[in-house]
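Undergrad: Contents of input.cif (mmCIF, C-alpha atoms):
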data_work
loop_
_atom_site.group_PDB
_atom_site.id
_atom_site.type_symbol
_atom_site.label_atom_id
_atom_site.label_comp_id
_atom_site.auth_asym_id
_atom_site.auth_seq_id
_atom_site.Cartn_x
_atom_site.Cartn_y
_atom_site.Cartn_z
ATOM 1 C CA MET A 1 5.506 -5.245 44.603
ATOM 2 C CA LYS A 2 8.130 -2.638 43.745
ATOM 3 C CA PHE A 3 9.626 -2.328 40.277
ATOM 4 C CA GLU A 4 13.094 -2.627 41.834
ATOM 5 C CA GLU A 5 12.175 -6.044 43.174
ATOM 6 C CA ILE A 6 11.196 -7.202 39.692
ATOM 7 C CA ASN A 7 14.080 -5.497 37.927
ATOM 8 C CA ILE A 8 16.514 -8.288 38.779
ATOM 9 C CA GLU A 9 18.965 -9.989 36.525
ATOM 10 C CA ASN A 10 17.001 -13.220 36.084
ATOM 11 C CA LEU A 11 14.102 -11.270 34.616
ATOM 12 C CA LYS A 12 16.382 -10.200 31.806
ATOM 13 C CA SER A 13 17.434 -13.741 31.036
ATOM 14 C CA ASN A 14 16.149 -15.659 28.086
ATOM 15 C CA ASN A 15 14.904 -18.355 30.432
ATOM 16 C CA LEU A 16 11.586 -16.574 30.679
ATOM 17 C CA PHE A 17 10.393 -18.347 27.594
ATOM 18 C CA ASP A 18 10.943 -21.904 26.630
ATOM 19 C CA ILE A 19 11.419 -22.878 23.006
ATOM 20 C CA PRO A 20 10.616 -26.161 21.274
ATOM 21 C CA ASP A 21 13.379 -28.763 21.292
ATOM 22 C CA GLY A 22 15.761 -28.480 18.357
ATOM 23 C CA TYR A 23 14.186 -25.230 17.188
ATOM 24 C CA PHE A 24 17.432 -23.427 16.379
ATOM 25 C CA GLU A 25 19.034 -26.586 14.973
ATOM 26 C CA ASN A 26 16.216 -27.031 12.467
ATOM 27 C CA PHE A 27 15.690 -23.350 11.803
ATOM 28 C CA ASN A 28 18.125 -23.020 8.874
ATOM 29 C CA ALA A 29 16.676 -25.989 6.986
ATOM 30 C CA ARG A 30 13.140 -24.678 7.399
ATOM 31 C CA LEU A 31 14.252 -21.190 6.429
ATOM 32 C CA PHE A 32 15.930 -22.335 3.191
ATOM 33 C CA ASN A 33 12.876 -24.392 2.376
ATOM 34 C CA LYS A 34 10.711 -21.317 2.841
ATOM 35 C CA ILE A 35 13.072 -19.202 0.771
ATOM 36 C CA GLU A 36 12.786 -21.692 -2.091
ATOM 37 C CA ASN A 37 9.012 -21.690 -1.754
ATOM 38 C CA SER A 38 8.865 -17.913 -1.474
ATOM 39 C CA THR A 39 10.752 -17.511 -4.740
ATOM 40 C CA GLN A 40 8.518 -20.001 -6.563
ATOM 41 C CA PRO A 41 5.324 -17.999 -6.147
ATOM 42 C CA VAL A 42 7.023 -15.152 -7.995
ATOM 43 C CA ILE A 43 7.420 -17.435 -11.005
ATOM 44 C CA LYS A 44 3.994 -18.873 -10.436
ATOM 45 C CA PHE A 45 2.631 -15.362 -10.165
ATOM 46 C CA LYS A 46 4.223 -14.479 -13.487
ATOM 47 C CA TYR A 47 2.637 -17.575 -15.036
ATOM 48 C CA ARG A 48 -0.597 -16.778 -13.304
ATOM 49 C CA LYS A 49 -0.460 -13.290 -14.723
ATOM 50 C CA LEU A 50 0.180 -14.769 -18.157
ATOM 51 C CA ILE A 51 -2.677 -17.218 -17.685
ATOM 52 C CA TYR A 52 -4.968 -14.372 -16.635
ATOM 53 C CA THR A 53 -3.955 -12.381 -19.701
ATOM 54 C CA ILE A 54 -4.510 -15.363 -21.987
ATOM 55 C CA SER A 55 -7.834 -16.116 -20.289
ATOM 56 C CA ILE A 56 -9.024 -12.554 -20.733
ATOM 57 C CA ALA A 57 -7.877 -12.535 -24.358
ATOM 58 C CA ALA A 58 -9.570 -15.899 -24.959
ATOM 59 C CA SER A 59 -12.759 -14.658 -23.299
ATOM 60 C CA VAL A 60 -12.772 -11.568 -25.478
ATOM 61 C CA VAL A 61 -12.260 -13.700 -28.602
ATOM 62 C CA ILE A 62 -14.990 -16.141 -27.537
ATOM 63 C CA ILE A 63 -17.387 -13.306 -26.733
ATOM 64 C CA PHE A 64 -16.571 -11.687 -30.065
ATOM 65 C CA PHE A 65 -17.212 -14.878 -32.034
ATOM 66 C CA LEU A 66 -20.337 -15.679 -30.050
ATOM 67 C CA SER A 67 -21.705 -12.215 -30.610
ATOM 68 C CA LYS A 68 -20.719 -12.394 -34.252
ATOM 69 C CA ASN A 69 -22.443 -15.765 -34.602
ATOM 70 C CA LEU A 70 -25.477 -14.486 -32.815
ATOM 71 C CA LEU A 71 -25.469 -11.451 -35.082
ATOM 72 C CA PHE A 72 -25.155 -13.611 -38.180
ATOM 73 C CA ASN A 73 -27.783 -15.947 -36.815
ATOM 74 C CA ASP A 74 -30.059 -12.972 -36.313
ATOM 75 C CA VAL A 75 -29.418 -11.837 -39.865
ATOM 76 C CA ASN A 76 -29.962 -15.387 -41.123
ATOM 77 C CA ASN A 77 -33.048 -15.695 -38.985
ATOM 78 C CA THR A 78 -34.351 -12.453 -40.449
ATOM 79 C CA LYS A 79 -33.554 -13.710 -43.902
ATOM 80 C CA PHE A 80 -35.181 -17.020 -43.055
ATOM 81 C CA ALA A 81 -38.187 -15.233 -41.662
ATOM 82 C CA ASN A 82 -38.447 -13.121 -44.801
ATOM 83 C CA ASN A 83 -38.070 -16.241 -46.923
ATOM 84 C CA THR A 84 -40.766 -17.942 -44.913
ATOM 85 C CA ILE A 85 -43.153 -15.054 -45.401
ATOM 86 C CA GLN A 86 -42.310 -14.913 -49.076
ATOM 87 C CA THR A 87 -42.797 -18.673 -49.452
ATOM 88 C CA THR A 88 -46.066 -18.559 -47.580
ATOM 89 C CA ASN A 89 -47.324 -15.766 -49.797
ATOM 90 C CA GLU A 90 -46.260 -17.727 -52.846
ATOM 91 C CA VAL A 91 -48.051 -20.838 -51.603
ATOM 92 C CA GLU A 92 -51.209 -18.897 -50.834
ATOM 93 C CA LEU A 93 -51.126 -17.160 -54.181
ATOM 94 C CA SER A 94 -50.570 -20.451 -56.013
ATOM 95 C CA PHE A 95 -54.179 -21.424 -55.297
ATOM 96 C CA ILE A 96 -55.446 -18.335 -57.046
ATOM 97 C CA ASP A 97 -55.091 -18.249 -60.816
ATOM 98 C CA GLU A 98 -55.683 -15.269 -63.088
ATOM 99 C CA LYS A 99 -59.198 -16.264 -64.029
ATOM 100 C CA ASN A 100 -60.270 -16.439 -60.373
ATOM 101 C CA ILE A 101 -58.812 -13.023 -59.742
ATOM 102 C CA ILE A 102 -60.575 -11.526 -62.785
ATOM 103 C CA ASP A 103 -63.858 -13.172 -61.784
ATOM 104 C CA GLU A 104 -63.486 -11.935 -58.227
ATOM 105 C CA LEU A 105 -62.723 -8.397 -59.330
ATOM 106 C CA SER A 106 -65.451 -8.355 -61.992
ATOM 107 C CA SER A 107 -68.018 -9.823 -59.544
ATOM 108 C CA GLU A 108 -67.381 -6.935 -57.142
ATOM 109 C CA ASN A 109 -68.088 -4.372 -59.851
ATOM 110 C CA LYS A 110 -70.910 -6.336 -61.456
ATOM 111 C CA SER A 111 -74.195 -4.385 -61.564
ATOM 112 C CA VAL A 112 -77.569 -6.026 -61.806
ATOM 113 C CA GLU A 113 -79.804 -4.747 -64.556
ATOM 114 C CA LEU A 114 -83.526 -5.135 -63.849
ATOM 115 C CA LYS A 115 -86.340 -4.165 -66.208
ATOM 116 C CA GLY A 116 -90.170 -3.816 -65.955
ATOM 117 C CA ASP A 117 -91.827 -6.508 -63.845
ATOM 118 C CA ASP A 118 -88.418 -7.698 -62.623
ATOM 119 C CA ILE A 119 -88.130 -4.449 -60.594
ATOM 120 C CA ILE A 120 -91.549 -4.986 -59.011
ATOM 121 C CA ASN A 121 -90.759 -8.652 -58.314
ATOM 122 C CA TYR A 122 -87.377 -7.700 -56.745
ATOM 123 C CA LEU A 123 -89.023 -5.079 -54.511
ATOM 124 C CA VAL A 124 -91.765 -7.559 -53.472
ATOM 125 C CA ASP A 125 -89.266 -10.363 -52.850
ATOM 126 C CA ASN A 126 -87.070 -8.103 -50.701
ATOM 127 C CA GLU A 127 -90.061 -6.542 -48.994
ATOM 128 C CA ILE A 128 -89.070 -3.048 -50.011
ATOM 129 C CA ASP A 129 -92.042 -0.663 -49.955
ATOM 130 C CA GLU A 130 -92.478 2.942 -51.075
ATOM 131 C CA LYS A 131 -91.606 4.315 -47.664
ATOM 132 C CA THR A 132 -88.307 2.479 -47.557
ATOM 133 C CA ILE A 133 -87.410 3.859 -50.985
ATOM 134 C CA ALA A 134 -88.422 7.388 -49.913
ATOM 135 C CA ASP A 135 -86.301 7.082 -46.720
ATOM 136 C CA ALA A 136 -83.291 5.890 -48.722
ATOM 137 C CA TYR A 137 -83.387 9.003 -50.848
ATOM 138 C CA MET B 1 33.411 -21.579 16.905
ATOM 139 C CA GLN B 2 34.131 -17.840 16.673
ATOM 140 C CA SER B 3 31.862 -16.206 14.131
ATOM 141 C CA ARG B 4 33.538 -14.203 11.418
ATOM 142 C CA ASP B 5 33.290 -10.480 10.880
ATOM 143 C CA ASP B 6 30.196 -9.277 8.992
ATOM 144 C CA ASN B 7 32.325 -7.817 6.197
ATOM 145 C CA ASP B 8 34.012 -11.187 5.579
ATOM 146 C CA ILE B 9 30.612 -12.839 5.378
ATOM 147 C CA LEU B 10 29.418 -10.132 2.980
ATOM 148 C CA ASN B 11 32.482 -10.608 0.779
ATOM 149 C CA ASP B 12 31.723 -14.307 0.577
ATOM 150 C CA PHE B 13 28.077 -13.586 -0.177
ATOM 151 C CA GLU B 14 29.089 -11.553 -3.222
ATOM 152 C CA ASN B 15 30.794 -14.643 -4.622
ATOM 153 C CA LYS B 16 28.066 -16.735 -6.239
ATOM 154 C CA LEU B 17 29.794 -19.966 -5.314
ATOM 155 C CA LEU B 18 29.962 -19.007 -1.653
ATOM 156 C CA SER B 19 26.748 -16.992 -1.247
ATOM 157 C CA HIS B 20 24.653 -19.878 0.108
ATOM 158 C CA ASN B 21 27.215 -20.804 2.759
ATOM 159 C CA ALA B 22 27.775 -17.160 3.622
ATOM 160 C CA PHE B 23 24.068 -16.631 4.161
ATOM 161 C CA ASN B 24 23.888 -19.788 6.249
ATOM 162 C CA GLU B 25 26.706 -18.383 8.389
ATOM 163 C CA LEU B 26 24.861 -15.092 8.730
ATOM 164 C CA VAL B 27 21.707 -16.888 9.860
ATOM 165 C CA ASN B 28 23.693 -18.836 12.436
ATOM 166 C CA LYS B 29 25.280 -15.656 13.696
ATOM 167 C CA TYR B 30 22.076 -13.696 14.202
ATOM 168 C CA LYS B 31 19.190 -16.134 14.569
ATOM 169 C CA VAL B 32 19.338 -16.492 18.368
ATOM 170 C CA ARG B 33 19.771 -12.781 19.057
ATOM 171 C CA LEU B 34 17.011 -11.814 16.667
ATOM 172 C CA TYR B 35 14.760 -14.549 18.002
ATOM 173 C CA TRP B 36 14.896 -13.127 21.531
ATOM 174 C CA HIS B 37 14.628 -9.568 20.240
ATOM 175 C CA ILE B 38 11.341 -10.489 18.561
ATOM 176 C CA ARG B 39 10.096 -12.967 21.126
ATOM 177 C CA LYS B 40 10.186 -10.510 24.029
ATOM 178 C CA ILE B 41 7.962 -8.181 22.040
ATOM 179 C CA VAL B 42 5.429 -10.568 20.540
ATOM 180 C CA ILE B 43 5.650 -13.187 23.330
ATOM 181 C CA ASN B 44 4.225 -16.031 21.256
ATOM 182 C CA HIS B 45 6.738 -18.533 19.839
ATOM 183 C CA GLU B 46 4.884 -19.264 16.607
ATOM 184 C CA ASP B 47 4.543 -15.575 15.829
ATOM 185 C CA THR B 48 8.222 -15.076 16.620
ATOM 186 C CA ASP B 49 9.146 -17.931 14.305
ATOM 187 C CA ASP B 50 7.094 -16.414 11.447
ATOM 188 C CA ILE B 51 8.598 -12.964 11.949
ATOM 189 C CA LEU B 52 12.133 -14.339 12.205
ATOM 190 C CA GLN B 53 11.753 -16.337 9.007
ATOM 191 C CA ASN B 54 10.275 -13.364 7.164
ATOM 192 C CA THR B 55 13.135 -11.234 8.464
ATOM 193 C CA PHE B 56 15.755 -13.609 7.061
ATOM 194 C CA ILE B 57 13.872 -13.935 3.771
ATOM 195 C CA LYS B 58 13.985 -10.138 3.439
ATOM 196 C CA ILE B 59 17.666 -10.154 4.331
ATOM 197 C CA TRP B 60 18.301 -12.840 1.687
ATOM 198 C CA LYS B 61 16.459 -10.818 -0.931
ATOM 199 C CA GLY B 62 18.006 -7.508 0.123
ATOM 200 C CA LEU B 63 21.608 -8.595 0.567
ATOM 201 C CA PRO B 64 22.540 -8.442 -3.145
ATOM 202 C CA THR B 65 21.708 -4.730 -3.120
ATOM 203 C CA PHE B 66 23.079 -3.979 0.356
ATOM 204 C CA GLN B 67 25.353 -0.935 -0.090
ATOM 205 C CA ARG B 68 27.351 -1.252 3.154
ATOM 206 C CA GLU B 69 26.505 2.353 3.996
ATOM 207 C CA SER B 70 25.328 1.144 7.393
ATOM 208 C CA LYS B 71 26.581 -1.740 9.462
ATOM 209 C CA LEU B 72 25.130 -5.120 8.514
ATOM 210 C CA TYR B 73 24.172 -5.670 12.150
ATOM 211 C CA THR B 74 22.192 -2.420 12.182
ATOM 212 C CA TRP B 75 20.507 -3.198 8.881
ATOM 213 C CA ILE B 76 19.507 -6.691 10.019
ATOM 214 C CA TYR B 77 18.102 -5.426 13.318
ATOM 215 C CA ARG B 78 16.176 -2.713 11.504
ATOM 216 C CA ILE B 79 14.530 -5.286 9.260
ATOM 217 C CA ALA B 80 13.656 -7.478 12.254
ATOM 218 C CA THR B 81 12.249 -4.504 14.166
ATOM 219 C CA ASN B 82 10.181 -3.290 11.221
ATOM 220 C CA GLU B 83 8.850 -6.805 10.636
ATOM 221 C CA THR B 84 7.856 -6.990 14.287
ATOM 222 C CA LEU B 85 6.163 -3.588 14.194
ATOM 223 C CA THR B 86 4.294 -4.572 11.030
ATOM 224 C CA PHE B 87 3.180 -7.788 12.710
ATOM 225 C CA LEU B 88 1.926 -5.898 15.768
ATOM 226 C CA THR B 89 0.031 -3.414 13.616
ATOM 227 C CA ASN B 90 -1.612 -6.186 11.606
ATOM 228 C CA LYS B 91 -2.423 -8.101 14.761
ATOM 229 C CA LYS B 92 -4.145 -5.066 16.251
ATOM 230 C CA LYS B 93 -6.194 -4.682 13.077
ATOM 231 C CA ARG B 94 -7.167 -8.352 13.219
ATOM 232 C CA ASN B 95 -8.053 -8.117 16.895
ATOM 233 C CA SER B 96 -10.156 -5.039 16.332
ATOM 234 C CA LEU B 97 -12.107 -7.057 13.781
ATOM 235 C CA SER B 98 -12.555 -10.105 16.025
ATOM 236 C CA ILE B 99 -13.077 -9.114 19.655
ATOM 237 C CA ASN B 100 -13.327 -12.703 20.759
ATOM 238 C CA ASP B 101 -9.951 -13.676 19.335
ATOM 239 C CA GLU B 102 -8.372 -15.895 21.959
ATOM 240 C CA ASN B 103 -4.935 -14.487 21.117
ATOM 241 C CA ALA B 104 -6.138 -10.912 21.490
ATOM 242 C CA ASP B 105 -4.055 -10.424 24.605
ATOM 243 C CA SER B 106 -0.985 -12.592 24.428
ATOM 244 C CA VAL B 107 0.332 -11.458 27.791
ATOM 245 C CA LEU B 108 -2.876 -12.281 29.612
ATOM 246 C CA ASN B 109 -2.531 -15.759 28.203
ATOM 247 C CA LEU B 110 1.118 -15.881 29.135
ATOM 248 C CA LYS B 111 0.801 -18.547 31.784
ATOM 249 C CA SER B 112 -1.370 -20.702 29.628
ATOM 250 C CA GLN B 113 1.257 -20.706 26.929
ATOM 251 C CA SER B 114 3.222 -23.887 27.188
ATOM 252 C CA TYR B 115 6.476 -22.132 26.294
ATOM 253 C CA PHE B 116 6.351 -19.517 29.055
ATOM 254 C CA GLU B 117 8.342 -20.431 32.121
ATOM 255 C CA GLY B 118 8.375 -17.150 33.978
ATOM 256 C CA ASP B 119 7.022 -16.740 37.507
ATOM 257 C CA GLU B 120 4.291 -14.376 38.690
ATOM 258 C CA ALA B 121 6.662 -11.405 38.986
ATOM 259 C CA GLN B 122 7.923 -11.882 35.458
ATOM 260 C CA LYS B 123 4.396 -12.253 34.164
ATOM 261 C CA LYS B 124 3.535 -8.970 35.862
ATOM 262 C CA LEU B 125 6.498 -7.276 34.239
ATOM 263 C CA PHE B 126 5.422 -8.445 30.795
ATOM 264 C CA LYS B 127 1.871 -7.303 31.476
ATOM 265 C CA ALA B 128 3.316 -3.906 32.274
ATOM 266 C CA ILE B 129 5.409 -3.895 29.082
ATOM 267 C CA GLU B 130 2.298 -4.797 27.118
ATOM 268 C CA ILE B 131 0.630 -1.487 28.003
ATOM 269 C CA LEU B 132 3.414 0.462 26.296
ATOM 270 C CA PRO B 133 2.977 1.762 22.749
ATOM 271 C CA ASP B 134 4.688 -0.524 20.219
ATOM 272 C CA LYS B 135 7.697 1.685 19.537
ATOM 273 C CA GLN B 136 8.236 2.444 23.199
ATOM 274 C CA LYS B 137 7.973 -1.261 23.928
ATOM 275 C CA ILE B 138 10.767 -1.921 21.453
ATOM 276 C CA VAL B 139 12.922 0.833 22.961
ATOM 277 C CA PHE B 140 12.380 -0.554 26.440
ATOM 278 C CA ASN B 141 13.119 -4.136 25.414
ATOM 279 C CA MET B 142 16.280 -3.234 23.497
ATOM 280 C CA ARG B 143 17.614 -1.268 26.431
ATOM 281 C CA TYR B 144 16.333 -3.362 29.304
ATOM 282 C CA PHE B 145 16.683 -6.914 28.030
ATOM 283 C CA GLU B 146 19.412 -6.557 25.421
ATOM 284 C CA ASP B 147 21.476 -3.845 27.125
ATOM 285 C CA MET B 148 21.910 -2.210 23.757
ATOM 286 C CA PRO B 149 23.823 1.106 23.766
ATOM 287 C CA TYR B 150 21.762 4.138 22.793
ATOM 288 C CA ASN B 151 23.972 4.911 19.790
ATOM 289 C CA GLN B 152 23.228 1.471 18.308
ATOM 290 C CA MET B 153 19.548 1.811 19.073
ATOM 291 C CA SER B 154 19.638 5.201 17.396
ATOM 292 C CA GLU B 155 21.031 3.694 14.184
ATOM 293 C CA ILE B 156 18.549 0.823 14.167
ATOM 294 C CA LEU B 157 15.453 2.831 15.031
ATOM 295 C CA ASP B 158 16.559 5.941 13.151
ATOM 296 C CA THR B 159 15.776 8.075 16.188
ATOM 297 C CA SER B 160 17.987 10.487 18.103
ATOM 298 C CA GLU B 161 19.682 9.224 21.248
ATOM 299 C CA SER B 162 18.034 11.907 23.388
ATOM 300 C CA ALA B 163 14.604 10.887 22.122
ATOM 301 C CA LEU B 164 15.386 7.256 22.900
ATOM 302 C CA LYS B 165 16.560 8.115 26.395
ATOM 303 C CA ALA B 166 13.368 10.058 27.013
ATOM 304 C CA SER B 167 11.278 7.242 25.592
ATOM 305 C CA TYR B 168 12.985 4.681 27.837
ATOM 306 C CA HIS B 169 12.568 6.961 30.859
ATOM 307 C CA PHE B 170 8.839 7.316 30.253
ATOM 308 C CA ALA B 171 8.519 3.594 29.632
ATOM 309 C CA VAL B 172 10.098 2.825 32.990
ATOM 310 C CA LYS B 173 7.782 5.321 34.694
ATOM 311 C CA LYS B 174 4.738 3.728 33.106
ATOM 312 C CA ILE B 175 5.867 0.252 34.109
ATOM 313 C CA GLU B 176 6.541 1.373 37.683
ATOM 314 C CA GLU B 177 3.116 2.934 37.822
ATOM 315 C CA PHE B 178 1.491 -0.228 36.496
ATOM 316 C CA LEU B 179 3.321 -2.411 39.005
ATOM 317 C CA LYS B 180 2.340 -0.138 41.892
ATOM 318 C CA ASN B 181 -1.316 -0.247 40.945
ATOM 319 C CA ASN B 182 -1.442 -3.952 40.202
#
Transcribe the structure of this file into structure tokens.
TA:
Amino acid sequence: MKFEEINIENLKSNNLFDIPDGYFENFNARLFNKIENSTQPVIKFKYRKLIYTISIAASVVIIFFLSKNLLFNDVNNTKFANNTIQTTNEVELSFIDEKNIIDELSSENKSVELKGDDIINYLVDNEIDEKTIADAY
Amino acid sequence: MQSRDDNDILNDFENKLLSHNAFNELVNKYKVRLYWHIRKIVINHEDTDDILQNTFIKIWKGLPTFQRESKLYTWIYRIATNETLTFLTNKKKRNSLSINDENADSVLNLKSQSYFEGDEAQKKLFKAIEILPDKQKIVFNMRYFEDMPYNQMSEILDTSESALKASYHFAVKKIEEFLKNN
């Protein structure tokens, strides 16, 4: 088929494509509706931007307070932990009075004094012979 | 009813009380012409409708700052043409992402489109037009279907008349070649 055969006047006509009934009649109404809707998102966008800003600011504030609380809680927990240790020490120490402490300390340093037969009896009782004594020295 | 001169419509548009009616008049004056200008390039009615609406929305938004340095007609056509080119570019990007897109080749689906009433010869012609690069397609359509003078096309497309003539010439050659081989 030659191009000249196709290049006829009816090919240039708008009848090549059909359009839905009433398309042009309804076009203006639909267009103005879309124009109204297309201007609204601008306002919405502004609000959205504001909402985003507020949300970010709120998040920052919340994070700040949460971290602050956590920090304080940590400090309090540390204090509490210290208090607990202190209290525990106090409770443990409350069972030990001065006399017990002195007795305990003096018992550690207490030396046994043995004389005469007591030495022989001690060595016999503990089965310590001459060789053991010689090895120790 | 005889449509008024563009300048009269623009004068009315500058009056806040008359701007809505003036714009309505402008839409009535250009909607059919622009529809066919777009439709012959993108083929699909729904796409044409979207582009046409976006074109008029841009005109509505741009009119308050329109300086009258160019003719209103030229300015409106330029917006419609740029919208169409943008649509075609985006469509190509989409199609390159989804190979199985059923709308990937609108011309091949021409017959299956309920709104196409052309015969086999016309379908062939549109298949041939489809092979042209987007800008050349627009040049061909404006000259071939709309019989637009080169000086007007030059203002709208911001291209020299000689370049447009050459572009149209090569477009015709390509279409002839396509029709010979198919």
Undergrad: Step by step, work through what the PyMOL selection byres ((chain B) within 9 of (chain A)) selects in the shown file, and finish by giving those residues as a PyMOL selection string.
TA: chain B and resi 24+27-28+31-32+36+39-40+43+45+49+53-54+56-57+60+114-119+121-122+124-125+144-146+172+175-177+179-180+182
Undergrad: Just C-alpha atoms for this one: save the residues we selected as a JSON list (two decimals), keeping the file's coordinate frame.
TA:
[["chain", "number", "residue", "atom", "x", "y", "z"],
["B", 24, "ASN", "CA", 23.89, -19.79, 6.25],
["B", 27, "VAL", "CA", 21.71, -16.89, 9.86],
["B", 28, "ASN", "CA", 23.69, -18.84, 12.44],
["B", 31, "LYS", "CA", 19.19, -16.13, 14.57],
["B", 32, "VAL", "CA", 19.34, -16.49, 18.37],
["B", 36, "TRP", "CA", 14.90, -13.13, 21.53],
["B", 39, "ARG", "CA", 10.10, -12.97, 21.13],
["B", 40, "LYS", "CA", 10.19, -10.51, 24.03],
["B", 43, "ILE", "CA", 5.65, -13.19, 23.33],
["B", 45, "HIS", "CA", 6.74, -18.53, 19.84],
["B", 49, "ASP", "CA", 9.15, -17.93, 14.30],
["B", 53, "GLN", "CA", 11.75, -16.34, 9.01],
["B", 54, "ASN", "CA", 10.28, -13.36, 7.16],
["B", 56, "PHE", "CA", 15.76, -13.61, 7.06],
["B", 57, "ILE", "CA", 13.87, -13.94, 3.77],
["B", 60, "TRP", "CA", 18.30, -12.84, 1.69],
["B", 114, "SER", "CA", 3.22, -23.89, 27.19],
["B", 115, "TYR", "CA", 6.48, -22.13, 26.29],
["B", 116, "PHE", "CA", 6.35, -19.52, 29.06],
["B", 117, "GLU", "CA", 8.34, -20.43, 32.12],
["B", 118, "GLY", "CA", 8.38, -17.15, 33.98],
["B", 119, "ASP", "CA", 7.02, -16.74, 37.51],
["B", 121, "ALA", "CA", 6.66, -11.40, 38.99],
["B", 122, "GLN", "CA", 7.92, -11.88, 35.46],
["B", 124, "LYS", "CA", 3.54, -8.97, 35.86],
["B", 125, "LEU", "CA", 6.50, -7.28, 34.24],
["B", 144, "TYR", "CA", 16.33, -3.36, 29.30],
["B", 145, "PHE", "CA", 16.68, -6.91, 28.03],
["B", 146, "GLU", "CA", 19.41, -6.56, 25.42],
["B", 172, "VAL", "CA", 10.10, 2.82, 32.99],
["B", 175, "ILE", "CA", 5.87, 0.25, 34.11],
["B", 176, "GLU", "CA", 6.54, 1.37, 37.68],
["B", 177, "GLU", "CA", 3.12, 2.93, 37.82],
["B", 179, "LEU", "CA", 3.32, -2.41, 39.01],
["B", 180, "LYS", "CA", 2.34, -0.14, 41.89],
["B", 182, "ASN", "CA", -1.44, -3.95, 40.20]]
Undergrad: Choose the residue, out of B:Phe178, B:Tyr150, B:Tyr168, B:Phe66, that has the smallest atom-to-atom separation from Glu130 in chain B; count all atoms listed in the file.
TA: B:Phe178
Undergrad: Provide the CA of Ile156 in chain B to CA of Tyr30 in chain B distance in Å, to one decimal place.
TA: 14.9 Å
Undergrad: For Lys29 in chain B, which residue out of B:Phe13, B:Ser162, B:Arg68, B:Tyr73 is the nearest one, using all atoms listed in the file?
TA: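 Distance minimum relative to Lys29 in chain B lands on B:Tyr73.
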Undergrad: Looking at all atoms listed in the file, which of B:Lys173, B:Ser3, B:Asp50, B:Ala163 is the one that sits closest to Leu132 in chain B?
TA: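 Selected residue with least distance to Leu132 in chain B: B:Lys173.
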Undergrad: Quick one: apply the PyMOL selection byres ((chain B and resi 84) around 8) to the file and drop the selected residues here as a list in words.
TA: Ile38, Ile41, Val42, Ile51, Ala80, Thr81, Asn82, Glu83, Leu85, Thr86, Phe87 and Leu88 of chain B
Undergrad: Env of Glu155 in chain B: 9 Å cut, atoms = only C-alpha atoms, seq-sep filter 3 positions within chain, self excluded. Answer as a short mmCIF file (atom, residue, chain, number, x, y, z; two decimals) with C-alpha atoms, in the frame of the given file.
TA:
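Okay, this is what ended up in around.cif:
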data_model
loop_
_atom_site.label_atom_id
_atom_site.label_comp_id
_atom_site.auth_asym_id
_atom_site.auth_seq_id
_atom_site.Cartn_x
_atom_site.Cartn_y
_atom_site.Cartn_z
CA SER B 70 25.33 1.14 7.39
CA THR B 74 22.19 -2.42 12.18
CA TRP B 75 20.51 -3.20 8.88
CA ARG B 78 16.18 -2.71 11.50
CA TYR B 150 21.76 4.14 22.79
CA ASN B 151 23.97 4.91 19.79
CA GLN B 152 23.23 1.47 18.31
CA ASP B 158 16.56 5.94 13.15
CA THR B 159 15.78 8.07 16.19
CA SER B 160 17.99 10.49 18.10
#
